[in-house]
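Just query.txt here, compact mmCIF, C-alpha atoms:
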```
# COMPACT_ATOMS: atom_id res chain seq x y z
CA MET D 226 4.73 -18.06 11.01
CA SER D 227 2.62 -17.77 7.87
CA VAL D 228 2.11 -14.11 8.75
CA SER D 229 5.89 -13.66 8.85
CA ILE D 230 6.43 -15.23 5.43
CA THR D 231 3.69 -13.12 3.87
CA VAL D 232 5.04 -9.96 5.50
CA GLY D 233 8.52 -10.85 4.24
CA ALA D 234 7.24 -11.27 0.69
CA TYR D 235 5.42 -7.93 0.80
CA GLY D 236 8.52 -6.31 2.29
CA VAL D 237 10.75 -7.57 -0.54
CA ALA D 238 8.15 -6.44 -3.07
CA PHE D 239 7.99 -2.99 -1.47
CA GLY D 240 11.76 -2.51 -1.28
CA ALA D 241 12.08 -3.53 -4.92
CA ALA D 242 9.13 -1.37 -6.00
CA ALA D 243 10.58 1.69 -4.26
CA VAL D 244 13.94 1.37 -5.98
CA ALA D 245 12.28 0.52 -9.31
CA ASN D 246 10.38 3.81 -9.07
CA GLY D 247 13.50 5.91 -8.42
CA PHE D 248 13.75 5.95 -4.62
CA THR D 249 17.13 5.29 -3.01
CA VAL D 250 17.72 2.29 -0.74
CA VAL D 251 17.89 4.66 2.25
CA GLN D 252 14.56 6.27 1.35
CA ALA D 253 12.93 2.84 0.90
CA CYS D 254 14.16 1.80 4.35
CA LEU D 255 13.05 5.08 5.96
CA LEU D 256 9.57 4.63 4.50
CA SER D 257 9.36 1.19 6.09
CA LEU D 258 10.76 2.38 9.43
CA LEU D 259 8.80 5.61 9.72
CA THR D 260 5.64 5.21 7.64
CA PHE D 261 5.31 1.48 8.44
CA SER D 262 2.03 0.90 6.63
CA GLY D 263 2.21 -1.30 3.54
CA ALA D 264 -0.53 0.15 1.34
CA SER D 265 0.53 3.76 2.04
CA GLN D 266 4.15 2.96 1.22
CA PHE D 267 3.26 1.22 -2.04
CA ALA D 268 1.03 4.17 -2.91
CA VAL D 269 3.71 6.80 -2.42
CA VAL D 270 6.19 4.98 -4.65
CA GLY D 271 3.43 4.17 -7.16
CA VAL D 272 2.30 7.78 -7.54
CA ILE D 273 5.88 9.08 -7.80
CA GLY D 274 6.66 6.30 -10.29
CA ALA D 275 3.70 7.41 -12.40
CA GLY D 276 5.22 10.90 -12.50
CA GLY D 277 3.07 12.45 -9.78
CA SER D 278 4.15 15.30 -7.50
CA ALA D 279 5.24 14.88 -3.89
CA ILE D 280 1.93 16.40 -2.77
CA SER D 281 -0.19 13.89 -4.73
CA ALA D 282 1.98 11.05 -3.43
CA ILE D 283 1.61 12.19 0.18
CA ALA D 284 -2.14 12.76 -0.23
CA THR D 285 -2.74 9.30 -1.73
CA ALA D 286 -0.64 7.58 0.93
CA SER D 287 -2.33 9.54 3.72
CA LEU D 288 -5.83 8.65 2.51
CA LEU D 289 -4.78 5.00 2.78
CA GLY D 290 -3.34 5.69 6.25
CA VAL D 291 -6.67 6.92 7.65
CA ARG D 292 -7.62 3.34 8.43
CA ASN D 293 -4.77 3.11 10.95
CA ALA D 294 -6.41 5.99 12.87
CA LEU D 295 -9.60 3.95 13.02
CA TYR D 296 -7.63 0.94 14.29
CA GLY D 297 -6.16 3.20 16.98
CA VAL D 298 -9.67 4.14 18.08
CA ILE D 299 -10.51 0.44 18.42
CA MET D 300 -7.28 -0.50 20.22
CA ALA D 301 -6.85 2.46 22.63
CA PRO D 302 -9.50 1.37 25.19
CA HIS D 303 -7.93 -2.13 25.31
CA LEU D 304 -4.28 -1.05 25.52
CA LYS D 305 -4.65 1.89 27.93
CA VAL D 306 -1.12 3.20 27.40
CA ARG D 307 0.39 6.67 27.87
CA GLY D 308 3.55 8.59 27.08
CA LEU D 309 6.30 6.84 25.13
CA LYS D 310 4.43 3.53 25.22
CA ARG D 311 1.53 5.18 23.41
CA VAL D 312 3.92 6.50 20.75
CA VAL D 313 5.25 2.97 20.16
CA ALA D 314 1.74 1.50 20.21
CA ALA D 315 0.62 4.08 17.64
CA GLN D 316 3.53 3.28 15.31
CA ILE D 317 2.71 -0.45 15.30
CA THR D 318 -1.06 0.07 14.91
CA ILE D 319 -1.58 -1.58 11.51
CA ASP D 320 -3.81 -4.18 9.82
CA GLU D 321 -1.96 -7.17 11.24
CA SER D 322 -1.54 -6.11 14.89
CA THR D 323 -5.15 -4.92 15.16
CA GLY D 324 -6.45 -8.01 13.38
CA VAL D 325 -4.59 -10.44 15.65
CA ALA D 326 -5.59 -8.50 18.80
CA LEU D 327 -9.27 -8.55 17.85
CA GLY D 328 -8.98 -12.26 17.07
CA GLN D 329 -7.83 -12.79 20.68
CA GLU D 330 -10.77 -10.85 22.14
CA PRO D 331 -12.68 -13.95 23.37
CA ARG D 332 -9.59 -15.03 25.34
CA GLY D 333 -9.43 -11.86 27.39
CA ILE D 334 -7.64 -8.56 27.64
CA VAL D 335 -4.19 -10.01 28.43
CA ALA D 336 -4.25 -12.19 25.30
CA MET D 337 -5.42 -9.23 23.24
CA ARG D 338 -2.59 -7.00 24.42
CA LYS D 339 -0.06 -9.79 23.90
CA GLY D 340 -1.38 -10.37 20.37
CA PHE D 341 -1.12 -6.67 19.55
CA TRP D 342 2.42 -6.13 20.83
CA TYR D 343 3.95 -9.40 19.59
CA THR D 344 2.39 -9.09 16.13
CA GLY D 345 3.17 -5.38 15.79
CA ILE D 346 6.80 -5.70 16.80
CA GLY D 347 7.31 -8.94 14.86
CA VAL D 348 5.88 -7.48 11.66
CA PHE D 349 7.96 -4.31 12.18
CA VAL D 350 11.21 -6.30 12.35
CA PHE D 351 10.40 -8.56 9.37
CA TRP D 352 8.99 -5.74 7.25
CA ASN D 353 12.12 -3.61 7.65
CA LEU D 354 14.63 -6.42 7.11
CA PHE D 355 12.89 -7.58 3.94
CA THR D 356 12.48 -4.03 2.64
CA LEU D 357 16.26 -3.67 2.81
CA ALA D 358 16.72 -7.00 1.00
CA GLY D 359 14.26 -6.05 -1.76
CA ALA D 360 15.74 -2.59 -2.22
CA LEU D 361 19.31 -3.90 -2.46
CA GLY D 362 18.17 -6.63 -4.87
CA ALA D 363 16.45 -4.16 -7.17
CA GLN D 364 19.44 -1.81 -7.03
CA ALA D 365 21.66 -4.65 -8.25
CA MET D 366 19.40 -5.38 -11.23
CA GLY D 367 20.07 -2.48 -13.60
CA ASP D 368 17.30 -2.65 -16.22
CA ILE D 369 14.34 -3.59 -14.02
CA ARG D 370 12.20 -4.55 -17.04
CA ALA D 371 14.56 -7.43 -17.84
CA PHE D 372 13.61 -8.91 -14.45
CA GLY D 373 9.90 -8.18 -14.74
CA LEU D 374 9.93 -5.72 -11.85
CA ASP D 375 7.79 -3.29 -13.87
CA SER D 376 5.02 -5.92 -13.72
CA ALA D 377 5.74 -7.05 -10.17
CA VAL D 378 4.74 -3.62 -8.86
CA PRO D 379 1.17 -3.50 -10.28
CA ALA D 380 0.83 -7.21 -9.45
CA ALA D 381 1.64 -6.35 -5.82
CA PHE D 382 -1.07 -3.66 -5.86
CA LEU D 383 -3.50 -6.18 -7.31
CA GLY D 384 -2.56 -8.63 -4.55
CA LEU D 385 -3.25 -5.92 -1.96
CA VAL D 386 -6.68 -5.00 -3.32
CA TRP D 387 -7.89 -8.53 -4.18
CA PRO D 388 -8.87 -9.65 -0.63
CA ARG D 389 -10.95 -6.47 -0.26
CA LEU D 390 -13.15 -7.32 -3.26
CA THR D 391 -15.64 -9.23 -1.15
CA GLY D 392 -18.82 -8.50 -3.11
CA ASN D 393 -20.16 -7.31 -6.46
CA PHE D 394 -20.38 -3.74 -5.21
CA GLU D 395 -16.69 -3.71 -4.27
CA ARG D 396 -15.71 -5.38 -7.56
CA ALA D 397 -17.71 -2.84 -9.58
CA LEU D 398 -16.05 0.02 -7.68
CA ALA D 399 -12.61 -1.46 -8.37
CA VAL D 400 -13.21 -1.87 -12.10
CA GLY D 401 -14.83 1.57 -12.32
CA CYS D 402 -11.93 3.27 -10.59
CA ALA D 403 -9.35 1.42 -12.71
CA LEU D 404 -11.11 2.50 -15.93
CA PHE D 405 -11.50 6.07 -14.64
CA ALA D 406 -7.80 6.32 -13.80
CA ILE D 407 -6.80 5.01 -17.25
CA ALA D 408 -9.20 7.37 -19.03
CA MET D 409 -7.92 10.39 -17.06
CA THR D 410 -4.19 9.57 -17.34
CA PRO D 411 -3.61 11.39 -20.67
CA ILE D 412 -5.75 14.36 -19.52
CA LEU D 413 -4.97 15.14 -15.86
CA PRO D 414 -1.50 15.83 -14.37
CA ALA D 415 0.17 12.61 -13.16
CA GLY D 416 -1.03 11.46 -9.74
CA LEU D 417 -4.41 13.20 -9.90
CA PRO D 418 -6.18 10.35 -11.76
CA ILE D 419 -5.32 8.16 -8.75
CA ILE D 420 -6.33 10.58 -5.98
CA ALA D 421 -9.56 11.46 -7.81
CA THR D 422 -10.78 7.88 -7.33
CA ALA D 423 -10.77 8.44 -3.54
CA PHE D 424 -13.52 11.00 -4.12
CA ILE D 425 -15.48 8.42 -6.11
CA ALA D 426 -15.20 6.14 -3.06
CA ILE D 427 -16.32 8.92 -0.70
CA ALA D 428 -19.26 9.81 -2.97
CA VAL D 429 -20.56 6.24 -3.26
CA GLY D 430 -19.89 5.65 0.46
CA LEU D 431 -21.99 8.66 1.44
CA LYS D 432 -24.80 7.68 -0.90
CA ARG D 433 -25.09 4.10 0.17
CA MET R 177 19.53 12.25 -10.95
CA SER R 178 18.46 15.90 -10.83
CA ILE R 179 18.29 17.78 -7.55
CA GLN R 180 14.62 18.51 -8.16
CA ILE R 181 13.69 14.82 -8.36
CA MET R 182 15.78 14.02 -5.28
CA THR R 183 13.92 16.75 -3.37
CA THR R 184 10.56 15.38 -4.52
CA LEU R 185 11.54 11.93 -3.28
CA TRP R 186 12.66 13.24 0.11
CA ILE R 187 9.54 15.36 0.60
CA ALA R 188 7.38 12.36 -0.36
CA THR R 189 9.30 10.03 1.97
CA LEU R 190 9.31 12.28 5.03
CA GLY R 191 5.91 13.90 4.45
CA THR R 192 4.21 10.51 4.09
CA SER R 193 5.95 9.25 7.22
CA LEU R 194 4.97 12.27 9.31
CA ILE R 195 1.29 12.16 8.33
CA ALA R 196 1.17 8.37 8.69
CA PHE R 197 2.36 8.66 12.28
CA LEU R 198 0.05 11.57 13.13
CA LEU R 199 -2.91 9.55 11.80
CA LYS R 200 -1.93 6.53 13.89
CA TYR R 201 -1.36 8.63 17.01
CA SER R 202 -4.60 10.59 16.60
CA GLY R 203 -6.53 7.31 16.62
CA HIS R 204 -5.15 6.55 20.07
CA SER R 205 -5.88 10.04 21.33
CA VAL R 206 -9.12 11.50 19.90
CA PRO R 207 -12.54 10.76 21.41
CA GLU R 208 -13.96 7.54 19.99
CA ARG R 209 -17.21 9.10 18.71
CA TRP R 210 -15.32 11.25 16.19
CA LEU R 211 -14.22 8.32 14.09
CA SER R 212 -16.69 5.54 14.85
CA HIS R 213 -19.54 6.92 12.71
CA PRO R 214 -20.82 4.14 10.37
CA LYS R 215 -20.42 6.35 7.27
CA VAL R 216 -16.77 7.02 8.18
CA GLN R 217 -16.21 3.27 8.61
CA ARG R 218 -17.91 2.53 5.30
CA ILE R 219 -15.97 5.14 3.31
CA ASN R 220 -12.79 3.95 4.98
CA ALA R 221 -13.38 0.45 3.61
CA LEU R 222 -13.99 1.77 0.09
CA ILE R 223 -11.07 4.22 -0.24
CA PRO R 224 -8.33 1.54 -0.38
CA ILE R 225 -10.31 -0.34 -3.06
CA ALA R 226 -10.55 2.81 -5.21
CA LEU R 227 -6.94 3.96 -4.80
CA LEU R 228 -5.31 0.53 -5.16
CA SER R 229 -7.39 -0.31 -8.26
CA ALA R 230 -6.40 3.01 -9.83
CA LEU R 231 -2.75 2.27 -9.02
CA VAL R 232 -2.96 -1.18 -10.63
CA ALA R 233 -4.36 0.39 -13.79
CA VAL R 234 -1.94 3.31 -14.01
CA GLN R 235 1.12 1.18 -13.23
CA SER R 236 0.09 -1.45 -15.79
CA PHE R 237 -0.97 0.68 -18.73
CA SER R 238 0.81 4.02 -18.60
CA GLU R 239 4.23 5.53 -19.02
CA LYS R 240 4.71 9.24 -18.25
CA SER R 241 1.03 10.20 -18.75
CA GLN R 242 0.80 8.20 -21.99
CA LEU R 243 -1.21 5.03 -22.33
CA VAL R 244 0.97 2.15 -23.51
CA ILE R 245 0.54 -1.56 -24.11
CA ASP R 246 3.72 -3.50 -23.38
CA GLN R 247 5.04 -6.57 -21.51
CA ARG R 248 3.25 -5.41 -18.34
CA VAL R 249 -0.11 -6.40 -19.86
CA VAL R 250 1.11 -10.00 -19.89
CA GLY R 251 2.44 -9.70 -16.34
CA ILE R 252 -0.74 -8.26 -14.85
CA SER R 253 -2.90 -10.78 -16.77
CA VAL R 254 -0.88 -13.67 -15.35
CA ALA R 255 -1.19 -12.14 -11.86
CA THR R 256 -4.97 -11.92 -12.28
CA VAL R 257 -5.18 -15.58 -13.28
CA ALA R 258 -2.99 -16.52 -10.29
CA LEU R 259 -5.31 -14.62 -7.93
CA PHE R 260 -8.38 -16.32 -9.44
CA LEU R 261 -6.63 -19.64 -8.73
CA LYS R 262 -6.18 -18.45 -5.10
CA ALA R 263 -2.38 -18.39 -5.35
CA PRO R 264 -0.53 -16.86 -2.37
CA PHE R 265 0.97 -13.37 -2.69
CA PRO R 266 4.58 -14.38 -3.47
CA ILE R 267 3.41 -16.62 -6.34
CA VAL R 268 1.23 -13.83 -7.74
CA VAL R 269 4.12 -11.35 -7.83
CA LEU R 270 6.70 -13.86 -9.07
CA SER R 271 4.50 -15.21 -11.87
CA ALA R 272 3.85 -11.64 -13.05
CA ALA R 273 7.55 -10.81 -12.99
CA ILE R 274 8.66 -13.99 -14.77
CA SER R 275 6.07 -13.78 -17.56
CA SER R 276 6.73 -10.07 -18.10
CA ALA R 277 10.50 -10.55 -18.15
CA ALA R 278 10.12 -13.42 -20.63
CA VAL R 279 8.13 -11.22 -23.04
CA TYR R 280 10.54 -8.31 -22.60
CA ASN R 281 13.68 -10.37 -23.13
CA TRP R 282 12.60 -12.77 -25.86
CA LEU R 283 9.86 -11.16 -27.95
```
Would it be possible to restate this file's structure as structure tokens?
Amino acid sequence: MSVSITVGAYGVAFGAAAVANGFTVVQACLLSLLTFSGASQFAVVGVIGAGGSAISAIATASLLGVRNALYGVIMAPHLKVRGLKRVVAAQITIDESTGVALGQEPRGIVAMRKGFWYTGIGVFVFWNLFTLAGALGAQAMGDIRAFGLDSAVPAAFLGLVWPRLTGNFERALAVGCALFAIAMTPILPAGLPIIATAFIAIAVGLKR
Amino acid sequence: MSIQIMTTLWIATLGTSLIAFLLKYSGHSVPERWLSHPKVQRINALIPIALLSALVAVQSFSEKSQLVIDQRVVGISVATVALFLKAPFPIVVLSAAISSAAVYNWL
């Protein structure tokens, strides 16, 4: 239940953010239906909103989507599905479904599979309904700044990154990347200051 | 809206969706050893931190490649305080929106 409410809130925030950054309601809904990965979706609208090209938006979103591939690697041996069922399983392989499934591991394979499918499908339904609501709401607003939507978008990003800042190393990386992106914004073409920070992450990850 | 911007939005929407699905599907299909290397796992945990932090900064302090200080500074500051106070996500976003709108409308 609490997962549903949180997903709903993120969904509204995403739908509103997409429209605030120039996407149509249909495009916002397609992103939620087809991409179905919160951080990647926020990234694509964020980069476009900052004036970035389609390529930088896709690249940033895809870098964030790599983690779903890793979740697939973890889940595949437990799910053992083929054909169309594998296609559906792949589409709902996200933070929440993988997290719940792994949480059920001590209770056996049946509970794990149940956790994965119920969570994945439940989040999919809620995420898409609330995206539509958020997108329609933002479309009705007119000047988004009068409703604070221009601040709601970066606040949503901050809410996404906050739980990942588990130690001083992570916090230092976050602050460093934020400062780097700001410093590079007037110099590099829009979108690149954001993608460039992924290379900072790769460099420090390789070194450590 | 110009045709060029519409095209950009469609390419971004469909391109992101296609790659997102291919990434998800590849995870279910490639041999486990390809992606389970500890360095890959480690980098994978750091990339979202880097990209999302950069997005927070750019969305808070820039407008069309120019650095600007406006009502969003208030919004993102309030959101930061809310997160320090362990507020749930909806409160974080709403408090940022309300404070930013208040500054924009009344200052």
Radius query 10 Å about (3.3, -0.9, 6.0), atoms used: all atoms listed in the file, as a PDB file with C-alpha atoms, keeping the file's coordinate frame:
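And here's selection-v7.pdb as it stands now:
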```
ATOM      1  CA  VAL D 232       5.040  -9.960   5.500  1.00  0.00           C
ATOM      2  CA  TYR D 235       5.420  -7.930   0.800  1.00  0.00           C
ATOM      3  CA  GLY D 236       8.520  -6.310   2.290  1.00  0.00           C
ATOM      4  CA  PHE D 239       7.990  -2.990  -1.470  1.00  0.00           C
ATOM      5  CA  LEU D 256       9.570   4.630   4.500  1.00  0.00           C
ATOM      6  CA  SER D 257       9.360   1.190   6.090  1.00  0.00           C
ATOM      7  CA  LEU D 258      10.760   2.380   9.430  1.00  0.00           C
ATOM      8  CA  LEU D 259       8.800   5.610   9.720  1.00  0.00           C
ATOM      9  CA  THR D 260       5.640   5.210   7.640  1.00  0.00           C
ATOM     10  CA  PHE D 261       5.310   1.480   8.440  1.00  0.00           C
ATOM     11  CA  SER D 262       2.030   0.900   6.630  1.00  0.00           C
ATOM     12  CA  GLY D 263       2.210  -1.300   3.540  1.00  0.00           C
ATOM     13  CA  ALA D 264      -0.530   0.150   1.340  1.00  0.00           C
ATOM     14  CA  SER D 265       0.530   3.760   2.040  1.00  0.00           C
ATOM     15  CA  GLN D 266       4.150   2.960   1.220  1.00  0.00           C
ATOM     16  CA  PHE D 267       3.260   1.220  -2.040  1.00  0.00           C
ATOM     17  CA  GLY D 290      -3.340   5.690   6.250  1.00  0.00           C
ATOM     18  CA  ILE D 317       2.710  -0.450  15.300  1.00  0.00           C
ATOM     19  CA  THR D 318      -1.060   0.070  14.910  1.00  0.00           C
ATOM     20  CA  ILE D 319      -1.580  -1.580  11.510  1.00  0.00           C
ATOM     21  CA  ASP D 320      -3.810  -4.180   9.820  1.00  0.00           C
ATOM     22  CA  GLU D 321      -1.960  -7.170  11.240  1.00  0.00           C
ATOM     23  CA  VAL D 348       5.880  -7.480  11.660  1.00  0.00           C
ATOM     24  CA  PHE D 349       7.960  -4.310  12.180  1.00  0.00           C
ATOM     25  CA  TRP D 352       8.990  -5.740   7.250  1.00  0.00           C
ATOM     26  CA  ASN D 353      12.120  -3.610   7.650  1.00  0.00           C
TER      27      ASN D 353
ATOM     28  CA  ALA R 196       1.170   8.370   8.690  1.00  0.00           C
TER      29      ALA R 196
END
```
Between region 198-256 of chain R and region 370-386 of chain D, at 10 Å or less, what are the per-residue closest atom pairs and their distances in Å? Count all atoms listed in the file, order by chain and rising residue number, and return it as a tab-separated table.
```
residue	atom	partner	partner_atom	distance
R:Pro224	CA	D:Val386	CA	7.4
R:Ile225	CA	D:Val386	CA	5.9
R:Ala226	CA	D:Val386	CA	8.9
R:Leu227	CA	D:Val386	CA	9.1
R:Leu228	CA	D:Val386	CA	6.0
R:Ser229	CA	D:Val386	CA	6.8
R:Ala230	CA	D:Phe382	CA	9.4
R:Leu231	CA	D:Phe382	CA	6.9
R:Val232	CA	D:Pro379	CA	4.7
R:Ala233	CA	D:Pro379	CA	7.6
R:Val234	CA	D:Pro379	CA	8.4
R:Gln235	CA	D:Pro379	CA	5.5
R:Ser236	CA	D:Pro379	CA	6.0
R:Phe237	CA	D:Pro379	CA	9.7
R:Gln247	CA	D:Ser376	CA	7.8
R:Arg248	CA	D:Ser376	CA	5.0
R:Val249	CA	D:Ser376	CA	8.0
R:Val250	CA	D:Ser376	CA	8.4
R:Gly251	CA	D:Ser376	CA	5.3
R:Ile252	CA	D:Ala380	CA	5.7
R:Ser253	CA	D:Ala380	CA	9.0
R:Val254	CA	D:Ala380	CA	8.9
R:Ala255	CA	D:Ala380	CA	5.8
R:Thr256	CA	D:Leu383	CA	7.7
```
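The nearest approach to chain D among the residues R:Val279, R:Ile245, R:Ala272, R:Ile179, with all atoms listed in the file taken into account, belongs to R:Ala272.
Each of R:Ser193, R:Ser178, R:Ser238, R:Ser212 was compared to chain D using all atoms listed in the file, and R:Ser193 turns out to be the nearest.
Taking all atoms listed in the file into account, chain D lies nearest to R:Ala277 out of the set R:Ala258, R:Ala277, R:Val216, R:Ile181.
What separates CA of Gln364 (chain D) from CA of Ile187 (chain R) is a distance of 21.2 Å.
Among the candidates D:Met366, D:Leu361, D:Ala238, D:Val335, the residue lying nearest to chain R is D:Ala238 (atoms considered: only C-alpha atoms).
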